[in-house]
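Read the structure below first, then the notes.
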There are 2 protein chains.
Amino acid sequence: MKKASIKDIAKQIGVSATTVSIVLNGQGKERKISDRIIAEISKVADQLNYRPNQFAKGLRTGKTHTLGLIVDDISNFFFGHLARVVEEEANKLGYTVMFCSSENNEGKARNALGSLLEKQMDGLIIAPTSGMLPEIEKLGKEKKPLVLIDRYFPHVPGSYVTIDNFKGAYDSVAHLVKQGYRSIALVTNETSQLQLGDRLEGYTAALTKHKLSFQPRLVKQIPFGSTEQKTIKEIESFVKAHPSIDAILFTSNNIGIPGLESLRNLRKQVPADIAIVCFDDNDLFRLASPGITVVSQPIKAIGKKALDILLTQIEGKQTGPTHVVLKPNLVVRDSTPGKSWFKTFPVV
Amino acid sequence: MKKASIKDIAKQIGVSATTVSIVLNGQGKERKISDRIIAEISKVADQLNYRPNQFAKGLRTGKTHTLGLIVDDISNFFFGHLARVVEEEANKLGYTVMFCSSENNEGKARNALGSLLEKQMDGLIIAPTSGMLPEIEKLGKEKKPLVLIDRYFPHVPGSYVTIDNFKGAYDSVAHLVKQGYRSIALVTNETSQLQLGDRLEGYTAALTKHKLSFQPRLVKQIPFGSTEQKTIKEIESFVKAHPSIDAILFTSNNIGIPGLESLRNLRKQVPADIAIVCFDDNDLFRLASPGITVVSQPIKAIGKKALDILLTQIEGKQTGPTHVVLKPNLVVRDSTPGKSWFKTFPVV
DNA sequence: CTGAAAGCGCTTACAG
DNA sequence: CTGAAAGCGCTTACAG
């Protein structure tokens with residue numbers, strides 16, 4: 001059984017393709033096609049299991065009703081959930097979305113972008129890698145509907161949705177200081193990526209503000225693309241090398257989750273030996289005991305907002321770039337109980 | 001700057017669209033186009049930032065090099081990681097993939113399928129909902145390249161990749177019995193879905209085999225689509241209503257993760273009060289203390305195998321339906337220590 | 001060595 | 001009330 005086309009329907013009824021197209025697009029009444037023909041077309045379309053070819057349609061109309069989303073890793077909690085809300089909202093509006101994972105790898109990111117562009121996406125939501133700068137600039141010049149998420153390029157015009165990363169880190173450190181921790185380390189991926197750079201700045205600013213000196217040796221950077229095993233090992237040696245550390249701020253799940261394993265391998269107790277704060281919430285952090293204190297991002301709001309802005313652009317109502325910076329939320333749990341806690345409940 | 005087409009390139013050089021098409025498809029040498037023209041076409045294509053319109057290409061050739069994947073929920077650990085390996089493998093082979101979440105909701109599933117079909121996917125990988133039966137049958141008759149994952153329809157011909165769900169449940173229960181548990185409950189979603197039905201059968205078979213009577217009241221079914229809060233509440237009342245329960249087998253993450261919260265709300269200790277086994281591994285189960293014993297699925301193998309089969313079909317080398325049933329892996333952790341454990345390390 | 005022409009499945013002025 | 005014709009951006013026999 002071959003796929004039915006509009007012509008097949010037309011032929012079978014003895015009517016023109018034009019008429020079929022009009023009826024199938026719901027303009028039958030409006031264009032005053034006779035009720036008999038409308039009914040017949042609908043019936044035959046059903047029988048033949050007709051499905052419009054969106055390619056042909058898109059070729060003709062220039063709209064594909066498909067959006068592209070490039071994230072670091074779709075299997076990651078933050079991006080997986082973000083993808084989910086983008087998909088859900090987009091579906092409600094009649095769009096479908098195509099996801100790609102960049103793995104923070106320039107080559108993959110470029111390929112993903114290229115293929116989404118060739119597939120004529122109506123618009124793009126991108127968590128860009130650093131190397132994407134030229135492509136993003138080019139897209140801006142071509143007026144391609146586009147919104148960046150999670151990070152952006154400060155000097156490139158264009159819309160984006162992020163959180164206040166500086167504040168997220170600042171608040172975390174302030175919280176740790178208040179709880180009595182004094183030797184606070186930062187473990188992060190490459191801080192060349194804007195949001196991680198901002199988190200580093202928030203960290204140092206909070207230290208300074210609280211009269212704790214910023215010590216570069218307490219900042220550990222782990223390159224993107226390191227395997228999980230390698231990350232675990234690196235964090236282990238880092239922690240071993242700095243026994244003074246009493247608290248760690250991890251700047252993302254893909255650092256913080258291996259980080260927990262490192263601590264376990266080292267038989268360091270959380271929070272008795274080391275307190276923990278991590279960016280981005282997930283099931284593990286929420287339900288583990290101890291629960292992990294996190295800087296939680298408003299995932300739903302980020303996804304919805306990004307989609308909103310993108311659709312405004314697609315509909316041509318654009319009025320210059322929109323910048324949205326949402327507030328992160330410090331969720332305090334048992335991994336940062338405060339040093340006084342240990343006096344009340346001494347660890348055996 | 002408007003998007004450049006093949007004609008724009010042709011016009012600028014004063015050559016035909018045919019020639020440009022040939023060269024851009026790398027058949028320049030073969031078709032003996034002069035080196036000068038080849039060079040010039042490549043140069044201009046670059047300058048104009050030419051990107052072939054895959055729609056037009058697909059319309060003409062009938063191939064889109066795009067695959068569709070329908071899963072329950074892309075933000076779920078199992079399906080997120082599955083999506084990731086399918087994406088990765090597909091990319092290597094020059095395909096991109098379009099994901100949709102069905103939420104185990106018939107309406108959404110149907111919409112997702114419809115839209116993937118309209119978008120002319122070359123092939124489909126689907127974790128089907130029960131109501132999809134007629135559509136799946138129809139696709140089979142149309143010879144659409146298709147492979148089902150996670151579950152299938154026993155009497156519908158077609159390829160699928162699953163694990164041995166019966167064995168997964170059977171082994172879990174056998175393990176629990178060996179550890180000394182005697183009142184083992186099953187908490188699951190609707191068992192009308194094949195893989196869950198198989199898990200229920202494995203559970204009852206193992207009980208019977210070990211001379212423990214199967215007690216229907218110890219099986220709790222929670223409908224798909226229940227909110228997380230509702231699921232938590234339902235499991236709470238279930239556990240409260242059956243104080244004899246000393247172990248629970250959860251048949252999936254979206255039951256087991258809320259299940260952990262229920263137990264925590266009830267102040268039930270794992271494993272001191274209740275032992276736990278859950279289908280599908282994830283970060284939480286692996287890193288929580290106690291670590292949760294799981295039936296782990298070989299996610300990579302499932303994804304790769306499904307893609308393999310799909311591509312064979314797409315390339316027309318099909319030789320009848322292929323059925324792959326992979327072995328699950330029982331990963332024993334601290335949530336099922338065995339009752340003797342408590343004698344050695346009494347719980348305070 | 002290169003090009004004219006047809007066609008993939010649609011939509012859209014335009015005409016009657 | 002309905003249809004013929006052109007065209008979206010490509011590829012592919014076919015011809016010369």
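Identifiers for the structure tokens are assigned positionally: chains receive A, B, ... in sequence, residues are indexed from 1 per chain, and ligands are indexed from 1 in the order shown.
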
query = Could you write out as a list of chain:residue names the residues of chain B within 9 Å of chain D, counting only C-alpha atoms (C1' of nucleotides)?
reply =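 Residues of chain B within 9 Å of chain D, counting only C-alpha atoms (C1' of nucleotides): B:Ser5, B:Ile6, B:Lys7, B:Thr18, B:Ser21, B:Ile22, B:Pro52, B:Asn53, B:Gln54, B:Phe55, B:Ala56, B:Lys57, B:Gly58, B:Leu59, B:Arg60, B:Thr61.
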
Expected answer as an MDAnalysis selection string: chain B residues within 8 Å of chain A, only C-alpha atoms = chainID B and resid 1:2 51:56 58:59 73:77 80:81 83:84 87 96:101 115 117:120 141:142 257 260:261 283:285 287:289

Least-squares superpose chain B onto chain A - every C-alpha atom, paired in order - and show me the moved coordinates as a compact mmCIF listing (two decimals) with C-alpha atoms, in the first residue's frame.
```txt
# COMPACT_ATOMS: atom_id res chain seq x y z
CA MET B 1 -0.01 -0.03 -0.01
CA LYS B 2 1.67 3.11 -1.27
CA LYS B 3 1.23 6.38 0.57
CA ALA B 4 -1.77 8.28 -0.74
CA SER B 5 -1.27 11.75 -2.15
CA ILE B 6 -3.67 14.56 -2.78
CA LYS B 7 -3.75 13.54 -6.42
CA ASP B 8 -4.90 10.03 -5.56
CA ILE B 9 -7.84 11.47 -3.73
CA ALA B 10 -8.58 13.90 -6.53
CA LYS B 11 -8.46 11.23 -9.19
CA GLN B 12 -10.66 8.81 -7.28
CA ILE B 13 -13.42 11.41 -6.96
CA GLY B 14 -12.87 13.09 -10.28
CA VAL B 15 -12.10 16.51 -8.90
CA SER B 16 -8.98 18.71 -9.03
CA ALA B 17 -6.05 18.60 -6.61
CA THR B 18 -6.77 22.24 -5.85
CA THR B 19 -10.19 21.42 -4.51
CA VAL B 20 -8.86 18.59 -2.39
CA SER B 21 -6.19 20.83 -0.95
CA ILE B 22 -8.71 23.50 -0.10
CA VAL B 23 -11.07 21.10 1.61
CA LEU B 24 -8.33 19.29 3.52
CA ASN B 25 -7.14 22.60 4.85
CA GLY B 26 -10.58 23.31 6.23
CA GLN B 27 -11.38 26.10 3.83
CA GLY B 28 -14.14 24.17 2.10
CA LYS B 29 -17.00 26.18 3.55
CA GLU B 30 -15.23 29.46 3.14
CA ARG B 31 -14.42 28.79 -0.50
CA LYS B 32 -17.95 27.52 -1.02
CA ILE B 33 -17.08 24.04 -2.18
CA SER B 34 -20.30 22.02 -2.36
CA ASP B 35 -21.15 20.02 0.72
CA ARG B 36 -21.32 16.84 -1.27
CA ILE B 37 -17.77 17.19 -2.47
CA ILE B 38 -16.51 18.18 0.93
CA ALA B 39 -18.06 15.08 2.43
CA GLU B 40 -16.70 12.86 -0.27
CA ILE B 41 -13.18 14.21 -0.03
CA SER B 42 -13.10 13.71 3.71
CA LYS B 43 -14.38 10.18 3.30
CA VAL B 44 -11.87 9.16 0.68
CA ALA B 45 -9.01 10.83 2.54
CA ASP B 46 -9.92 8.73 5.51
CA GLN B 47 -10.22 5.55 3.53
CA LEU B 48 -6.88 6.06 1.87
CA ASN B 49 -5.35 6.93 5.21
CA TYR B 50 -4.15 10.16 3.76
CA ARG B 51 -1.43 12.09 5.59
CA PRO B 52 -0.21 15.35 4.17
CA ASN B 53 3.47 15.36 3.38
CA GLN B 54 4.82 18.11 5.59
CA PHE B 55 7.89 18.36 3.41
CA ALA B 56 5.98 19.30 0.35
CA LYS B 57 3.87 21.61 2.42
CA GLY B 58 6.91 23.18 4.00
CA LEU B 59 8.64 23.56 0.70
CA ARG B 60 5.72 25.50 -0.61
CA THR B 61 4.81 27.54 2.44
CA GLY B 62 8.23 28.02 3.98
CA LYS B 63 6.97 26.88 7.39
CA THR B 64 7.77 23.50 8.85
CA HIS B 65 6.18 23.91 12.26
CA THR B 66 9.23 22.24 13.65
CA LEU B 67 11.59 23.71 16.21
CA GLY B 68 15.15 22.69 16.96
CA LEU B 69 16.65 22.41 20.43
CA ILE B 70 20.34 21.91 21.07
CA VAL B 71 21.34 21.02 24.62
CA ASP B 72 24.45 19.59 26.25
CA ASP B 73 22.99 16.21 26.93
CA ILE B 74 19.40 15.12 26.70
CA SER B 75 19.94 12.36 29.27
CA ASN B 76 20.99 14.84 31.91
CA PHE B 77 18.34 15.78 34.49
CA PHE B 78 18.32 19.51 33.84
CA PHE B 79 18.30 19.35 30.06
CA GLY B 80 16.03 16.32 29.92
CA HIS B 81 13.39 18.12 31.91
CA LEU B 82 13.93 21.30 29.96
CA ALA B 83 13.44 19.39 26.73
CA ARG B 84 10.28 17.93 28.17
CA VAL B 85 8.66 21.28 28.91
CA VAL B 86 9.70 22.73 25.57
CA GLU B 87 8.21 19.72 23.83
CA GLU B 88 5.02 19.93 25.81
CA GLU B 89 4.46 23.63 25.28
CA ALA B 90 5.44 23.44 21.64
CA ASN B 91 2.99 20.62 21.01
CA LYS B 92 0.19 22.66 22.47
CA LEU B 93 0.93 25.30 19.87
CA GLY B 94 1.08 22.88 16.98
CA TYR B 95 4.85 22.59 16.77
CA THR B 96 7.02 19.54 17.16
CA VAL B 97 10.60 19.73 18.29
CA MET B 98 13.80 18.08 17.26
CA PHE B 99 16.44 17.61 19.98
CA CYS B 100 20.18 17.31 19.60
CA SER B 101 22.88 16.78 22.21
CA SER B 102 26.11 18.69 21.73
CA GLU B 103 28.03 17.06 24.58
CA ASN B 104 29.76 20.43 24.80
CA ASN B 105 31.83 19.25 21.89
CA GLU B 106 32.39 21.82 19.15
CA GLY B 107 32.24 19.32 16.32
CA LYS B 108 29.01 17.75 17.45
CA ALA B 109 27.49 21.12 18.14
CA ARG B 110 28.31 22.33 14.66
CA ASN B 111 26.92 19.18 13.08
CA ALA B 112 23.76 19.41 15.09
CA LEU B 113 23.24 23.01 14.11
CA GLY B 114 23.96 22.29 10.47
CA SER B 115 21.54 19.44 10.30
CA LEU B 116 18.78 21.40 12.05
CA LEU B 117 19.30 24.23 9.63
CA GLU B 118 19.18 21.95 6.61
CA LYS B 119 16.00 20.51 7.97
CA GLN B 120 14.50 23.96 7.83
CA MET B 121 13.51 24.40 11.45
CA ASP B 122 11.26 27.41 11.91
CA GLY B 123 13.27 28.42 14.95
CA LEU B 124 16.03 27.30 17.27
CA ILE B 125 16.63 27.15 21.01
CA ILE B 126 20.29 26.58 21.77
CA ALA B 127 22.51 26.09 24.79
CA PRO B 128 25.60 27.18 22.86
CA THR B 129 29.13 25.88 23.19
CA SER B 130 31.87 28.51 23.33
CA GLY B 131 32.99 27.74 19.80
CA MET B 132 29.56 28.42 18.39
CA LEU B 133 30.09 32.16 18.57
CA PRO B 134 30.57 32.74 14.82
CA GLU B 135 27.61 30.58 13.87
CA ILE B 136 25.37 32.32 16.36
CA GLU B 137 26.43 35.69 15.02
CA LYS B 138 25.72 34.58 11.49
CA LEU B 139 22.27 33.31 12.42
CA GLY B 140 21.55 36.65 14.03
CA LYS B 141 22.44 38.46 10.85
CA GLU B 142 20.25 36.12 8.85
CA LYS B 143 17.41 37.00 11.23
CA LYS B 144 16.85 33.35 11.98
CA PRO B 145 14.46 33.00 14.94
CA LEU B 146 16.74 31.97 17.77
CA VAL B 147 16.96 32.10 21.52
CA LEU B 148 19.90 31.03 23.62
CA ILE B 149 19.46 29.33 26.97
CA ASP B 150 21.64 28.65 29.98
CA ARG B 151 24.37 30.94 28.58
CA TYR B 152 24.94 33.50 25.86
CA PHE B 153 27.57 35.69 24.24
CA PRO B 154 27.67 39.10 25.90
CA HIS B 155 28.57 41.11 22.81
CA VAL B 156 26.39 39.32 20.31
CA PRO B 157 22.94 40.81 19.93
CA GLY B 158 20.13 38.28 20.34
CA SER B 159 17.60 36.92 22.79
CA TYR B 160 18.44 34.67 25.69
CA VAL B 161 17.00 33.15 28.86
CA THR B 162 19.27 32.34 31.79
CA ILE B 163 19.33 32.51 35.54
CA ASP B 164 21.37 34.84 37.67
CA ASN B 165 24.36 32.55 38.01
CA PHE B 166 26.40 35.02 39.98
CA LYS B 167 23.68 35.21 42.60
CA GLY B 168 23.26 31.43 42.70
CA ALA B 169 26.92 30.94 43.56
CA TYR B 170 27.06 33.97 45.83
CA ASP B 171 24.07 32.81 47.87
CA SER B 172 25.49 29.30 48.18
CA VAL B 173 28.78 30.54 49.53
CA ALA B 174 27.10 33.05 51.82
CA HIS B 175 24.99 30.20 53.18
CA LEU B 176 28.04 28.02 53.75
CA VAL B 177 29.85 30.83 55.52
CA LYS B 178 26.87 31.47 57.74
CA GLN B 179 26.83 27.79 58.64
CA GLY B 180 30.40 28.10 59.83
CA TYR B 181 32.41 26.65 56.93
CA ARG B 182 35.67 28.43 56.25
CA SER B 183 37.57 26.47 53.65
CA ILE B 184 35.17 26.38 50.73
CA ALA B 185 36.24 24.81 47.45
CA LEU B 186 34.72 25.22 44.00
CA VAL B 187 34.65 22.30 41.59
CA THR B 188 33.52 23.19 38.09
CA ASN B 189 33.85 22.53 34.39
CA GLU B 190 35.73 24.98 32.19
CA THR B 191 34.87 28.47 33.33
CA SER B 192 35.27 29.82 29.82
CA GLN B 193 31.60 29.05 29.40
CA LEU B 194 29.70 32.11 30.52
CA GLN B 195 27.43 30.63 33.15
CA LEU B 196 30.35 28.85 34.80
CA GLY B 197 32.44 32.00 34.70
CA ASP B 198 29.60 33.85 36.42
CA ARG B 199 29.39 31.15 39.05
CA LEU B 200 33.10 31.46 39.70
CA GLU B 201 32.71 35.21 40.10
CA GLY B 202 29.82 34.80 42.50
CA TYR B 203 31.95 32.40 44.50
CA THR B 204 34.92 34.74 44.78
CA ALA B 205 32.75 37.78 45.45
CA ALA B 206 31.02 36.04 48.34
CA LEU B 207 34.32 34.91 49.83
CA THR B 208 35.72 38.42 49.64
CA LYS B 209 32.58 39.94 51.04
CA HIS B 210 32.85 37.62 54.04
CA LYS B 211 36.54 38.36 54.60
CA LEU B 212 37.65 34.95 53.45
CA SER B 213 40.55 35.12 51.05
CA PHE B 214 40.01 33.66 47.60
CA GLN B 215 42.49 30.82 47.14
CA PRO B 216 42.99 29.75 43.53
CA ARG B 217 44.19 26.33 44.65
CA LEU B 218 40.72 25.65 46.04
CA VAL B 219 39.19 26.00 42.57
CA LYS B 220 39.28 22.79 40.55
CA GLN B 221 38.43 22.88 36.85
CA ILE B 222 37.57 19.70 35.01
CA PRO B 223 37.50 19.81 31.20
CA PHE B 224 34.24 19.12 29.37
CA GLY B 225 34.22 15.71 27.83
CA SER B 226 36.06 13.97 30.65
CA THR B 227 34.60 10.54 31.25
CA GLU B 228 32.71 10.03 34.46
CA GLN B 229 35.50 7.78 35.77
CA LYS B 230 38.13 10.40 35.05
CA THR B 231 36.06 13.08 36.75
CA ILE B 232 35.70 10.93 39.84
CA LYS B 233 39.43 10.30 40.01
CA GLU B 234 40.28 13.97 39.54
CA ILE B 235 37.97 15.07 42.31
CA GLU B 236 39.38 12.38 44.57
CA SER B 237 42.94 13.63 44.16
CA PHE B 238 41.83 17.22 44.52
CA VAL B 239 40.09 16.52 47.81
CA LYS B 240 42.97 14.41 49.07
CA ALA B 241 45.44 17.17 48.20
CA HIS B 242 43.52 19.74 50.23
CA PRO B 243 42.56 18.20 53.55
CA SER B 244 41.59 21.60 54.94
CA ILE B 245 38.48 21.77 52.72
CA ASP B 246 35.30 21.68 54.79
CA ALA B 247 32.78 22.49 52.05
CA ILE B 248 32.48 22.18 48.27
CA LEU B 249 30.32 24.02 45.77
CA PHE B 250 29.82 21.97 42.60
CA THR B 251 28.71 24.00 39.60
CA SER B 252 26.67 21.33 37.85
CA ASN B 253 25.21 17.85 38.11
CA ASN B 254 27.76 16.31 35.80
CA ILE B 255 30.43 17.41 38.26
CA GLY B 256 28.46 17.03 41.49
CA ILE B 257 27.18 13.50 40.95
CA PRO B 258 30.64 12.08 40.25
CA GLY B 259 31.77 14.28 43.15
CA LEU B 260 29.54 12.36 45.53
CA GLU B 261 31.08 9.14 44.31
CA SER B 262 34.56 10.54 44.87
CA LEU B 263 33.71 11.42 48.45
CA ARG B 264 32.26 8.00 49.00
CA ASN B 265 35.37 6.36 47.61
CA LEU B 266 37.45 8.45 49.99
CA ARG B 267 35.16 7.49 52.87
CA LYS B 268 34.43 11.14 53.50
CA GLN B 269 31.08 11.61 55.22
CA VAL B 270 28.64 14.26 54.00
CA PRO B 271 28.12 16.49 55.89
CA ALA B 272 30.25 15.35 58.85
CA ASP B 273 33.55 15.66 56.96
CA ILE B 274 32.56 17.89 54.06
CA ALA B 275 29.48 19.98 53.35
CA ILE B 276 28.08 20.05 49.82
CA VAL B 277 26.12 22.45 47.62
CA CYS B 278 25.44 21.72 43.96
CA PHE B 279 23.86 23.60 41.06
CA ASP B 280 20.68 21.99 39.67
CA ASP B 281 18.35 19.75 41.58
CA ASN B 282 17.51 16.14 40.77
CA ASP B 283 15.99 13.01 42.30
CA LEU B 284 19.26 11.90 43.81
CA PHE B 285 19.89 15.16 45.64
CA ARG B 286 16.30 15.43 46.77
CA LEU B 287 15.90 11.90 48.09
CA ALA B 288 19.36 10.86 49.17
CA SER B 289 20.20 10.92 52.82
CA PRO B 290 21.56 13.32 53.57
CA GLY B 291 19.55 15.43 51.12
CA ILE B 292 21.88 17.67 49.14
CA THR B 293 21.55 21.45 49.32
CA VAL B 294 21.12 22.76 45.78
CA VAL B 295 20.81 25.88 43.67
CA SER B 296 17.69 24.99 41.79
CA GLN B 297 16.80 26.50 38.42
CA PRO B 298 13.20 27.23 37.46
CA ILE B 299 13.25 24.74 34.60
CA LYS B 300 9.63 25.18 33.57
CA ALA B 301 9.90 28.94 33.47
CA ILE B 302 13.09 28.80 31.44
CA GLY B 303 11.56 26.49 28.88
CA LYS B 304 8.31 28.37 28.58
CA LYS B 305 9.96 31.75 28.38
CA ALA B 306 12.40 30.61 25.71
CA LEU B 307 9.57 29.18 23.66
CA ASP B 308 7.52 32.33 24.09
CA ILE B 309 10.27 34.52 22.79
CA LEU B 310 11.01 32.18 19.93
CA LEU B 311 7.41 32.14 18.78
CA THR B 312 7.19 35.90 18.91
CA GLN B 313 10.17 36.01 16.59
CA ILE B 314 8.72 33.39 14.28
CA GLU B 315 5.50 35.29 14.02
CA GLY B 316 7.50 38.31 13.01
CA LYS B 317 6.40 40.44 15.91
CA GLN B 318 9.96 40.85 17.02
CA THR B 319 10.92 44.11 18.64
CA GLY B 320 14.61 43.65 19.22
CA PRO B 321 16.35 41.10 21.42
CA THR B 322 14.77 40.04 24.69
CA HIS B 323 16.90 39.17 27.69
CA VAL B 324 15.39 37.21 30.52
CA VAL B 325 17.34 36.50 33.70
CA LEU B 326 15.44 34.35 36.18
CA LYS B 327 16.19 33.94 39.87
CA PRO B 328 17.75 30.71 41.09
CA ASN B 329 16.51 29.20 44.30
CA LEU B 330 18.75 27.96 47.10
CA VAL B 331 17.16 24.82 48.54
CA VAL B 332 18.77 24.06 51.89
CA ARG B 333 18.93 20.39 52.85
CA ASP B 334 20.99 18.20 55.15
CA SER B 335 24.31 18.44 53.35
CA THR B 336 25.00 21.89 54.86
CA PRO B 337 23.80 21.60 58.44
CA GLY B 338 26.23 24.09 59.94
CA LYS B 339 29.18 23.31 62.12
CA SER B 340 27.20 23.82 65.34
CA TRP B 341 25.17 20.79 64.33
CA PHE B 342 28.09 18.56 65.11
CA LYS B 343 28.27 19.78 68.65
CA THR B 344 24.70 18.78 69.27
CA PHE B 345 24.89 15.49 67.42
CA PRO B 346 28.49 14.41 67.56
CA VAL B 347 29.55 12.04 64.85
CA VAL B 348 30.81 8.77 66.19
```

task = Select from range 97-319 of chain B everything DSSP, run on the backbone, classes as strand (DSSP E), then give the selection as an MDAnalysis selection string.
result = chainID B and resid 97:101 123:126 146:149 159:163 184:189 219:222 247:250 275:279 293:296
